[in-house]
file start-v2.txt (compact mmCIF, C-alpha atoms)
# COMPACT_ATOMS: atom_id res chain seq x y z
CA MET A 22 -82.79 -90.28 36.23
CA PRO A 23 -83.90 -88.64 32.97
CA SER A 24 -81.47 -86.35 31.17
CA HIS A 25 -84.24 -84.27 29.57
CA LEU A 26 -86.08 -81.52 31.39
CA ILE A 27 -89.61 -82.01 32.71
CA ALA A 28 -91.82 -78.92 32.88
CA THR A 29 -93.33 -79.84 36.25
CA LYS A 30 -89.91 -80.69 37.70
CA PRO A 31 -87.41 -78.45 35.89
CA LEU A 32 -84.58 -79.50 38.22
CA PHE A 33 -85.72 -83.17 38.30
CA VAL A 34 -86.78 -82.67 41.93
CA GLU A 35 -89.70 -81.31 43.93
CA ALA A 36 -89.25 -77.68 44.97
CA GLY A 37 -87.91 -77.41 48.50
CA ASP A 38 -86.50 -80.92 48.87
CA THR A 39 -82.85 -81.66 49.67
CA ALA A 40 -81.73 -81.61 46.04
CA GLY A 41 -83.45 -78.25 45.55
CA ARG A 42 -81.68 -76.85 48.61
CA ALA A 43 -78.39 -78.23 47.33
CA ILE A 44 -78.67 -76.48 43.99
CA VAL A 45 -79.55 -73.21 45.75
CA ALA A 46 -76.39 -73.67 47.85
CA ILE A 47 -74.34 -74.17 44.67
CA ALA A 48 -75.82 -70.99 43.23
CA ARG A 49 -74.94 -68.98 46.34
CA SER A 50 -71.44 -70.46 46.55
CA ARG A 51 -70.68 -70.11 42.80
CA TYR A 52 -68.12 -72.98 42.80
CA VAL A 53 -68.11 -76.06 45.04
CA THR A 54 -66.36 -79.38 44.87
CA ARG A 55 -68.54 -82.34 44.11
CA GLY A 56 -67.16 -84.08 47.20
CA SER A 57 -68.12 -81.24 49.55
CA LEU A 58 -71.58 -80.94 48.06
CA HIS A 59 -72.14 -84.65 48.59
CA ALA A 60 -70.67 -84.49 52.12
CA VAL A 61 -73.20 -81.81 53.09
CA TYR A 62 -76.31 -82.99 51.21
CA GLY A 63 -75.65 -86.71 50.61
CA PRO A 64 -76.67 -87.70 54.16
CA LEU A 65 -79.84 -85.65 53.63
CA GLY A 66 -80.77 -87.57 50.49
CA LEU A 67 -78.95 -85.92 47.57
CA ALA A 68 -78.20 -88.68 45.09
CA PRO A 69 -75.20 -88.57 42.76
CA ASP A 70 -77.74 -89.21 39.97
CA ASN A 71 -79.25 -85.76 40.62
CA ILE A 72 -75.88 -84.11 40.07
CA ASP A 73 -75.20 -86.20 36.95
CA ALA A 74 -78.61 -85.26 35.52
CA TRP A 75 -78.03 -81.55 36.20
CA VAL A 76 -74.65 -81.70 34.45
CA ALA A 77 -76.09 -83.67 31.49
CA ALA A 78 -78.94 -81.16 31.10
CA GLY A 79 -76.60 -78.13 31.24
CA VAL A 80 -77.95 -76.89 34.58
CA LEU A 81 -74.52 -77.30 36.17
CA HIS A 82 -71.05 -76.96 34.72
CA GLU A 83 -68.59 -79.61 35.86
CA GLY A 84 -64.85 -79.06 35.65
CA THR A 85 -61.62 -80.05 37.33
CA VAL A 86 -59.09 -77.96 39.19
CA VAL A 87 -55.92 -78.47 41.18
CA ILE A 88 -56.57 -76.74 44.51
CA ASP A 89 -53.32 -77.59 46.30
CA PRO A 90 -50.28 -76.74 44.13
CA ILE A 91 -48.14 -79.18 46.14
CA SER A 92 -50.50 -82.07 45.41
CA PRO A 93 -51.29 -82.67 41.71
CA ASP A 94 -54.64 -84.30 42.54
CA GLU A 95 -57.51 -82.74 40.63
CA GLN A 96 -60.84 -81.98 42.28
CA THR A 97 -64.14 -82.01 40.42
CA TYR A 98 -66.06 -78.78 40.92
CA LEU A 99 -69.57 -77.67 40.04
CA ALA A 100 -71.01 -74.29 39.09
CA LEU A 101 -74.49 -73.14 38.16
CA THR A 102 -74.86 -72.17 34.50
CA ARG A 103 -77.07 -69.37 33.19
CA LYS A 104 -79.55 -72.02 32.05
CA GLY A 105 -79.44 -73.45 35.55
CA GLY A 106 -80.13 -70.03 37.05
CA LYS A 107 -83.25 -69.63 34.92
CA LEU A 108 -84.49 -73.11 35.80
CA LEU A 109 -83.75 -72.54 39.47
CA ALA A 110 -85.89 -69.39 39.44
CA THR A 111 -88.72 -71.32 37.76
CA ALA A 112 -88.53 -74.25 40.18
CA THR A 113 -87.94 -72.47 43.48
CA GLY A 114 -88.60 -68.77 43.02
CA VAL A 115 -85.00 -68.06 44.09
CA THR A 116 -83.56 -65.54 41.66
CA VAL A 117 -79.86 -66.01 40.99
CA GLU A 118 -77.67 -65.41 38.01
CA GLY A 119 -75.82 -68.44 36.77
CA LEU A 120 -72.29 -68.07 35.47
CA SER A 121 -71.72 -67.13 31.86
CA PRO A 122 -69.75 -69.41 29.55
CA ALA A 123 -66.91 -66.83 29.55
CA ARG A 124 -66.66 -66.91 33.36
CA LEU A 125 -66.76 -70.68 33.37
CA ARG A 126 -63.81 -70.80 30.94
CA ARG A 127 -61.66 -68.30 32.87
CA SER A 128 -59.50 -70.53 35.02
CA GLN A 129 -56.37 -68.74 36.30
CA THR A 130 -57.94 -68.30 39.72
CA ARG A 131 -60.34 -71.22 39.62
CA GLY A 132 -58.65 -73.01 42.54
CA HIS A 133 -59.05 -69.87 44.65
CA ASP A 134 -62.66 -69.45 43.52
CA VAL A 135 -63.45 -73.04 44.51
CA CYS A 136 -61.91 -72.52 47.97
CA VAL A 137 -64.06 -69.41 48.49
CA GLY A 138 -67.11 -71.40 47.38
CA GLU A 139 -66.25 -74.15 49.85
CA LEU A 140 -66.31 -71.56 52.65
CA ALA A 141 -69.71 -70.33 51.48
CA LEU A 142 -71.05 -73.89 51.33
CA ALA A 143 -69.78 -74.59 54.87
CA VAL A 144 -71.45 -71.44 56.22
CA GLN A 145 -74.74 -72.36 54.54
CA ALA A 146 -74.53 -75.89 55.96
CA LEU A 147 -74.00 -74.46 59.46
CA ALA A 148 -77.06 -72.25 58.98
CA GLU A 149 -79.22 -75.15 57.73
CA ASP A 150 -78.12 -77.16 60.77
CA GLY A 151 -79.19 -74.28 63.06
CA GLN A 152 -75.68 -73.63 64.36
CA ILE A 153 -75.52 -70.03 63.11
CA ALA A 154 -78.10 -67.41 62.20
CA LEU A 155 -77.04 -66.53 58.67
CA HIS A 156 -78.39 -63.35 57.10
CA GLY A 157 -76.47 -63.69 53.89
CA VAL A 158 -73.37 -64.78 52.09
CA GLU A 159 -71.93 -63.16 48.97
CA VAL A 160 -68.95 -64.49 47.03
CA ASP A 161 -69.25 -62.64 43.71
CA ASP A 162 -66.10 -60.53 43.47
CA GLN A 163 -67.88 -58.25 40.99
CA LYS A 164 -70.38 -57.28 43.71
CA LEU A 165 -67.93 -56.94 46.60
CA VAL A 166 -65.91 -53.89 45.71
CA VAL A 167 -64.79 -51.87 48.71
CA HIS A 168 -62.62 -48.77 48.80
CA ALA A 169 -60.11 -47.66 51.40
CA ILE A 170 -58.34 -44.35 51.79
CA VAL A 171 -54.58 -44.89 52.06
CA GLU A 172 -52.00 -42.21 52.79
CA GLY A 173 -49.46 -42.10 49.96
CA PRO A 174 -46.49 -39.92 48.98
CA LYS A 175 -48.83 -37.50 47.18
CA GLY A 176 -51.45 -37.49 49.93
CA PRO A 177 -54.53 -39.64 50.48
CA ALA A 178 -55.41 -42.02 47.68
CA ARG A 179 -58.48 -44.15 47.16
CA VAL A 180 -57.60 -47.83 46.70
CA ALA A 181 -60.08 -50.45 45.46
CA LEU A 182 -60.16 -53.67 47.48
CA ARG A 183 -61.67 -56.93 46.24
CA PRO A 184 -62.69 -59.10 49.19
CA ASP A 185 -63.35 -62.78 48.57
CA ALA A 186 -66.58 -63.09 50.52
CA LEU A 187 -69.03 -61.38 52.83
CA VAL A 188 -70.79 -63.41 55.51
CA VAL A 189 -73.40 -61.72 57.73
CA THR A 190 -74.64 -63.51 60.86
CA ASP A 191 -76.29 -62.79 64.19
CA GLY A 192 -74.13 -63.44 67.20
CA PRO A 193 -73.97 -62.68 70.91
CA HIS A 194 -73.08 -59.06 70.14
CA GLY A 195 -75.70 -58.52 67.45
CA ARG A 196 -75.30 -58.59 63.70
CA THR A 197 -71.74 -59.36 62.64
CA ALA A 198 -70.11 -59.30 59.22
CA LEU A 199 -67.00 -61.10 58.10
CA LEU A 200 -65.41 -59.60 55.00
call {"tool": "encode", "arguments": {"input": "start-v2.txt", "output": "structure tokens"}}
result
Amino acid sequence: MPSHLIATKPLFVEAGDTAGRAIVAIARSRYVTRGSLHAVYGPLGLAPDNIDAWVAAGVLHEGTVVIDPISPDEQTYLALTRKGGKLLATATGVTVEGLSPARLRRSQTRGHDVCVGELALAVQALAEDGQIALHGVEVDDQKLVVHAIVEGPKGPARVALRPDALVVTDGPHGRTALL
């Protein structure tokens, strides 16, 4: 697998193939473990070489995080970079914003962010398998600001809430959202 970019295949893959779908899933999930990505897309043809090439070319950021504080085992996670977002738009027409270097460095809540991304990846995998009708998934905490009115000692107060994710699906009772 080449480590340099090719104009006709900016993500080293044909648009719409399994690897292309995998990188779109990473973009929508923000952070996913390498193991989970391979568990979902490996059986469909995603080669570890694709991931290595994306990391080498700066399309993906690769880092490690301890997800379970009781177990010191580190997990390797992946995230789409800004460069990757631009290349993804060129290759697939899907417009997403990759993560900035500053957001990739911020790591106090990285374990939590990876867990939220794993949920988003699982929901997307269910949708690709036809098990749910997914209308959308959003995990960017900057976009998911919700307010609630809470009664306080000085009367009603507006409190900002920061949900982890929004998943919108169709179910037996119509459109349903999980926040």
call {"tool": "closest_residue", "arguments": {"input": "start-v2.txt", "among": "A:Ala146, A:Val86, A:Ala154, A:Leu109", "to": "Thr130 of chain A", "atoms": "all atoms listed in the file"}}
result
A:Val86
call {"tool": "closest_residue", "arguments": {"input": "start-v2.txt", "among": "A:Ala141, A:Leu165, A:Ile88, A:Val117", "to": "Tyr52 of chain A", "atoms": "all atoms listed in the file"}}
result
A:Ala141
call {"tool": "residues_near_point", "arguments": {"input": "start-v2.txt", "point": "(-74.9, -73.5, 46.0)", "cutoff": "12 Å", "atoms": "only C-alpha atoms", "output": "PyMOL selection string"}}
result
chain A and resi 39-55+57-59+61-62+81+98-102+105-106+109+115+117-119+135+137-146+158-160
call {"tool": "residues_around", "arguments": {"input": "start-v2.txt", "residues": "Asp191 of chain A", "least_positions_apart": "2", "cutoff": "10 Å", "atoms": "only C-alpha atoms", "output": "mmCIF file with C-alpha atoms, in the frame of the given file"}}
result
data_model
loop_
_atom_site.group_PDB
_atom_site.id
_atom_site.type_symbol
_atom_site.label_atom_id
_atom_site.label_comp_id
_atom_site.auth_asym_id
_atom_site.auth_seq_id
_atom_site.Cartn_x
_atom_site.Cartn_y
_atom_site.Cartn_z
ATOM 1 C CA ILE A 153 -75.520 -70.030 63.110
ATOM 2 C CA ALA A 154 -78.100 -67.410 62.200
ATOM 3 C CA LEU A 155 -77.040 -66.530 58.670
ATOM 4 C CA HIS A 156 -78.390 -63.350 57.100
ATOM 5 C CA VAL A 189 -73.400 -61.720 57.730
ATOM 6 C CA PRO A 193 -73.970 -62.680 70.910
ATOM 7 C CA HIS A 194 -73.080 -59.060 70.140
ATOM 8 C CA GLY A 195 -75.700 -58.520 67.450
ATOM 9 C CA ARG A 196 -75.300 -58.590 63.700
ATOM 10 C CA THR A 197 -71.740 -59.360 62.640
ATOM 11 C CA ALA A 198 -70.110 -59.300 59.220
#
call {"tool": "atom_distance", "arguments": {"input": "start-v2.txt", "atom1": "atom CA of His168 of chain A", "atom2": "atom CA of Val188 of chain A"}}
result
18.1 Å
call {"tool": "atom_distance", "arguments": {"input": "start-v2.txt", "atom1": "atom CA of Ala60 of chain A", "atom2": "atom CA of Ala77 of chain A"}}
result
21.3 Å
call {"tool": "closest_residue", "arguments": {"input": "start-v2.txt", "among": "A:Pro122, A:Gly63, A:Gly79, A:Pro184", "to": "Val167 of chain A", "atoms": "all atoms listed in the file"}}
result
A:Pro184
call {"tool": "closest_residue", "arguments": {"input": "start-v2.txt", "among": "A:Leu200, A:Lys104, A:Asp185, A:Gly56", "to": "Val76 of chain A", "atoms": "only C-alpha atoms"}}
result
A:Lys104
call {"tool": "closest_residue", "arguments": {"input": "start-v2.txt", "among": "A:Thr111, A:Thr85, A:Gln96, A:Gln163", "to": "Arg124 of chain A", "atoms": "all atoms listed in the file"}}
result
A:Gln163
